[in-house]
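Here's the structure we're looking at; comments come further down.
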Amino acid sequence: MPELPEVETIIHSLRPKVLGRTIERVDVLLDKVIREPEAEQFAKHISGRTITGVERRGKHLLFNITGSLVLIVHLRMTGRLLYVAPDLPRDKYTHVVFHLDNGKELRFHDMRQFGTMDLIPADRLKNFHSLNKLGPDALDPSLTRDVFKKMLKGRTGQIKKILLDQTFITGIGNIYANEILWKARIHPERSATSLTPRDLGRLYHAMREVLKTAIDHRGTTIRDYVDGEGNPGSFQELLAVHGRENQPCPLCGNFIVRVKNGGRSAYFCPSCQK
DNA sequence: CAGGTAGCCTGTTAGC
DNA sequence: TGCTAACAGGCTACCT
């Protein structure tokens, strides 16, 4: 479940490996991964081109390619991008292989086949359907505490749902939403309208702090996540509430509770989070 | 039009 | 022990 810290870590691990590399050819082993253009065209257009940039927007990875093209990758839950030697055996979850000009391969691997790729002209990027509705990146320097407070002003609905809404702010998924709300000491089902300026200040601070600390720990590996070199993260050791139902709250020792909310589990401490 | 949810997937685990 | 159901989870499409 790569969220902002995991995608950031993947970018860090891949950038020095693939930047400036030319993609000699591409094997698409599972067509439906490629949304646009058609798989055959995708492989044809990308072959012979050079990677000139590796960036992140929310949970999306953006590879700038010569010819004014952009490769947009979304890993969804179990997707991986792996920089590997070609003799490493492929398994049945390897769906796309980029052959690089140094003999190495960049592989897209996805157990659950949810991840996607698009190859589009760079001038379509800002209007592209997956990106044009995204809110500001959760770590965007211009997303200050005051801007954050203004954005939440007048928003109705539960605060956790809003944090997960990528059109509000992009990059936060279920794990970090749970952790951020714990750190801010806010109950996940609290209505956004009920939050005081003090609450909002704590929420903003918790959001930045949790995401930055998770990046420092190279992301959270609960089951599937690894970076571009196959290394797991370690932030799972610091999780306060996520996945810790019936375990003690690190702050007060009371038991963590789980409630299902819109198909997702909210984990929280009923005594710390009001 | 906003809000809710089924569907996409498959490996793992909880429960009977 | 062996089976089934629930769960994990982001996002789109579709529904009310």
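Starting from 1 in every chain, residues are counted up; chains themselves are A, B, ... following the order of the structure tokens, and ligands are numbered from 1 as listed.
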
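Counting only C-alpha atoms (C1' of nucleotides), His129 (chain A) has the following residues at most 12 Å away, ignoring those fewer than 5 positions along the same chain: Arg35, Glu36, Ile72, Asp118, Ile120, Arg124, Leu134 and Thr167 of chain A; DT12 of chain C.
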
Residues of the last selection are to be written out with N, CA and C atoms (P, O5', C5', C4', C3', O3' and C1' of nucleotides), as a PDB file, in the first residue's frame.
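Full text of out.pdb as output:
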```pdb
ATOM      1  N   ARG A  35      -2.870   1.487 -19.388  1.00  0.00           N
ATOM      2  CA  ARG A  35      -4.186   2.067 -19.675  1.00  0.00           C
ATOM      3  C   ARG A  35      -4.155   2.860 -20.973  1.00  0.00           C
ATOM      4  N   GLU A  36      -3.055   3.571 -21.190  1.00  0.00           N
ATOM      5  CA  GLU A  36      -2.977   4.467 -22.328  1.00  0.00           C
ATOM      6  C   GLU A  36      -1.531   4.650 -22.738  1.00  0.00           C
ATOM      7  N   ILE A  72       3.410   7.702 -16.342  1.00  0.00           N
ATOM      8  CA  ILE A  72       2.761   7.857 -15.035  1.00  0.00           C
ATOM      9  C   ILE A  72       2.483   6.467 -14.472  1.00  0.00           C
ATOM     10  N   ASP A 118       0.403   4.883 -17.523  1.00  0.00           N
ATOM     11  CA  ASP A 118      -0.033   5.673 -18.672  1.00  0.00           C
ATOM     12  C   ASP A 118       1.191   6.329 -19.280  1.00  0.00           C
ATOM     13  N   ILE A 120       1.893   9.486 -21.704  1.00  0.00           N
ATOM     14  CA  ILE A 120       1.203  10.608 -22.369  1.00  0.00           C
ATOM     15  C   ILE A 120       2.194  11.703 -22.744  1.00  0.00           C
ATOM     16  N   ARG A 124       0.066  17.195 -21.922  1.00  0.00           N
ATOM     17  CA  ARG A 124      -1.254  16.771 -21.440  1.00  0.00           C
ATOM     18  C   ARG A 124      -1.266  16.532 -19.928  1.00  0.00           C
ATOM     19  N   LEU A 134      -6.263  16.274  -8.335  1.00  0.00           N
ATOM     20  CA  LEU A 134      -5.561  16.088  -7.065  1.00  0.00           C
ATOM     21  C   LEU A 134      -5.383  17.403  -6.316  1.00  0.00           C
ATOM     22  N   THR A 167      -8.488  14.524  -3.621  1.00  0.00           N
ATOM     23  CA  THR A 167      -8.777  15.824  -4.227  1.00  0.00           C
ATOM     24  C   THR A 167      -8.671  16.941  -3.189  1.00  0.00           C
TER      25      THR A 167
ATOM     26  P    DT C  12      -9.072   7.662 -10.068  1.00  0.00           P
ATOM     27  O5'  DT C  12     -10.206   6.844 -10.848  1.00  0.00           O
ATOM     28  C5'  DT C  12      -9.852   5.665 -11.542  1.00  0.00           C
ATOM     29  C4'  DT C  12     -11.116   4.897 -11.902  1.00  0.00           C
ATOM     30  C3'  DT C  12     -12.210   5.767 -12.520  1.00  0.00           C
ATOM     31  O3'  DT C  12     -12.624   5.118 -13.716  1.00  0.00           O
ATOM     32  C1'  DT C  12     -13.081   4.513 -10.712  1.00  0.00           C
TER      33       DT C  12
END
```

Chain A contacts on chain C, only C-alpha atoms (C1' of nucleotides), 10 Å, as a VMD selection string: chain C and resid 7 to 11

Can I get the selection written as a PDB file, in the first residue's frame, with C-alpha atoms (C1' of nucleotides)?
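part06.pdb was written with the following content:
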```pdb
ATOM      1  C1'  DC C   7      -9.791  -8.771   5.042  1.00  0.00           C
ATOM      2  C1'  DA C   8      -6.198  -5.881   3.046  1.00  0.00           C
ATOM      3  C1'  DG C   9      -6.623  -1.303   0.310  1.00  0.00           C
ATOM      4  C1'  DG C  10      -6.729   3.091  -3.779  1.00  0.00           C
ATOM      5  C1'  DC C  11      -9.375   4.476  -7.050  1.00  0.00           C
TER       6       DC C  11
END
```

Compile a residue-level contact table for chain A against chain B at a cut-off of 7 Å, reporting for every qualifying residue the shortest atom pair and its distance in Å to one decimal, with only C-alpha atoms (C1' of nucleotides) counted, rows ordered by chain and ascending number, as a tab-separated table.
```
residue	atom	partner	partner_atom	distance
A:Met111	CA	B:DT10	C1'	6.8
A:Arg112	CA	B:DC9	C1'	4.6
A:Gln113	CA	B:DC9	C1'	6.0
A:Phe114	CA	B:DC9	C1'	6.8
```

Residues of region 179-248 of chain A in helix (DSSP H, G or I), written as a VMD selection string: chain A and resid 179 to 184 192 to 194 197 to 216 235 to 238

Using C-alpha atoms, can you write the selected residues to a file as a compact mmCIF listing (two decimals), in the first residue's frame?
```
# COMPACT_ATOMS: atom_id res chain seq x y z
CA GLU A 179 -1.33 7.54 12.59
CA ILE A 180 -1.77 11.26 11.92
CA LEU A 181 -5.09 11.39 13.77
CA TRP A 182 -3.61 9.54 16.73
CA LYS A 183 -0.69 11.95 16.94
CA ALA A 184 -3.11 14.89 16.66
CA ALA A 192 -14.43 18.52 10.36
CA THR A 193 -16.71 21.37 11.36
CA SER A 194 -16.25 20.49 15.03
CA PRO A 197 -8.28 26.11 15.51
CA ARG A 198 -6.15 24.34 18.11
CA ASP A 199 -7.22 20.92 16.75
CA LEU A 200 -6.42 22.04 13.21
CA GLY A 201 -2.98 23.23 14.25
CA ARG A 202 -2.23 19.89 15.88
CA LEU A 203 -3.57 18.04 12.85
CA TYR A 204 -1.35 19.98 10.46
CA HIS A 205 1.71 19.46 12.62
CA ALA A 206 0.94 15.73 13.01
CA MET A 207 0.50 15.32 9.26
CA ARG A 208 3.89 16.82 8.43
CA GLU A 209 5.64 15.08 11.32
CA VAL A 210 4.28 11.59 10.68
CA LEU A 211 4.96 11.70 6.93
CA LYS A 212 8.50 13.06 7.38
CA THR A 213 9.35 10.52 10.07
CA ALA A 214 7.99 7.73 7.87
CA ILE A 215 10.23 8.89 5.01
CA ASP A 216 13.20 8.91 7.41
CA PHE A 235 8.22 2.64 10.10
CA GLN A 236 5.93 -0.31 10.96
CA GLU A 237 7.95 -0.57 14.19
CA LEU A 238 6.78 2.92 15.13
```

Would you please give, as a PyMOL selection string, all residues of region 22-61 of chain A that DSSP assigns to strand (DSSP E) based on the backbone? chain A and resi 22-28+34-36+49-57+60-61

Quick one: write out the picked residues with C-alpha atoms as an mmCIF file, in the first residue's frame?
```cif
data_model
loop_
_atom_site.group_PDB
_atom_site.id
_atom_site.type_symbol
_atom_site.label_atom_id
_atom_site.label_comp_id
_atom_site.auth_asym_id
_atom_site.auth_seq_id
_atom_site.Cartn_x
_atom_site.Cartn_y
_atom_site.Cartn_z
ATOM 1 C CA THR A 22 17.794 4.688 -22.196
ATOM 2 C CA ILE A 23 14.975 2.152 -22.383
ATOM 3 C CA GLU A 24 15.993 -0.183 -25.181
ATOM 4 C CA ARG A 25 12.763 -2.152 -25.281
ATOM 5 C CA VAL A 26 9.747 -3.081 -23.186
ATOM 6 C CA ASP A 27 7.993 -6.390 -22.564
ATOM 7 C CA VAL A 28 4.355 -6.003 -21.577
ATOM 8 C CA ILE A 34 -1.202 -0.256 -19.531
ATOM 9 C CA ARG A 35 -4.186 2.067 -19.675
ATOM 10 C CA GLU A 36 -2.977 4.467 -22.328
ATOM 11 C CA ARG A 49 13.897 6.908 -25.308
ATOM 12 C CA THR A 50 15.857 8.179 -22.302
ATOM 13 C CA ILE A 51 14.637 8.816 -18.750
ATOM 14 C CA THR A 52 15.315 12.473 -17.924
ATOM 15 C CA GLY A 53 13.424 12.864 -14.655
ATOM 16 C CA VAL A 54 11.881 10.872 -11.810
ATOM 17 C CA GLU A 55 9.285 12.691 -9.741
ATOM 18 C CA ARG A 56 6.387 12.135 -7.373
ATOM 19 C CA ARG A 57 2.942 13.648 -7.262
ATOM 20 C CA HIS A 60 1.922 8.743 -8.485
ATOM 21 C CA LEU A 61 5.409 8.242 -9.910
#
```

Please report the interatomic distance between CA of Asp110 (chain A) and CA of Asp123 (chain A) in Å with one decimal. 28.8 Å

Coordinates-based distance that separates CA of Gly48 (chain A) from CA of Gly67 (chain A) (Å, one decimal):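 Separating CA of Gly67 (chain A) from CA of Gly48 (chain A) is a distance of 10.1 Å.
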
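Between CA of Leu81 (chain A) and CA of Arg107 (chain A) lies a distance of 5.6 Å.
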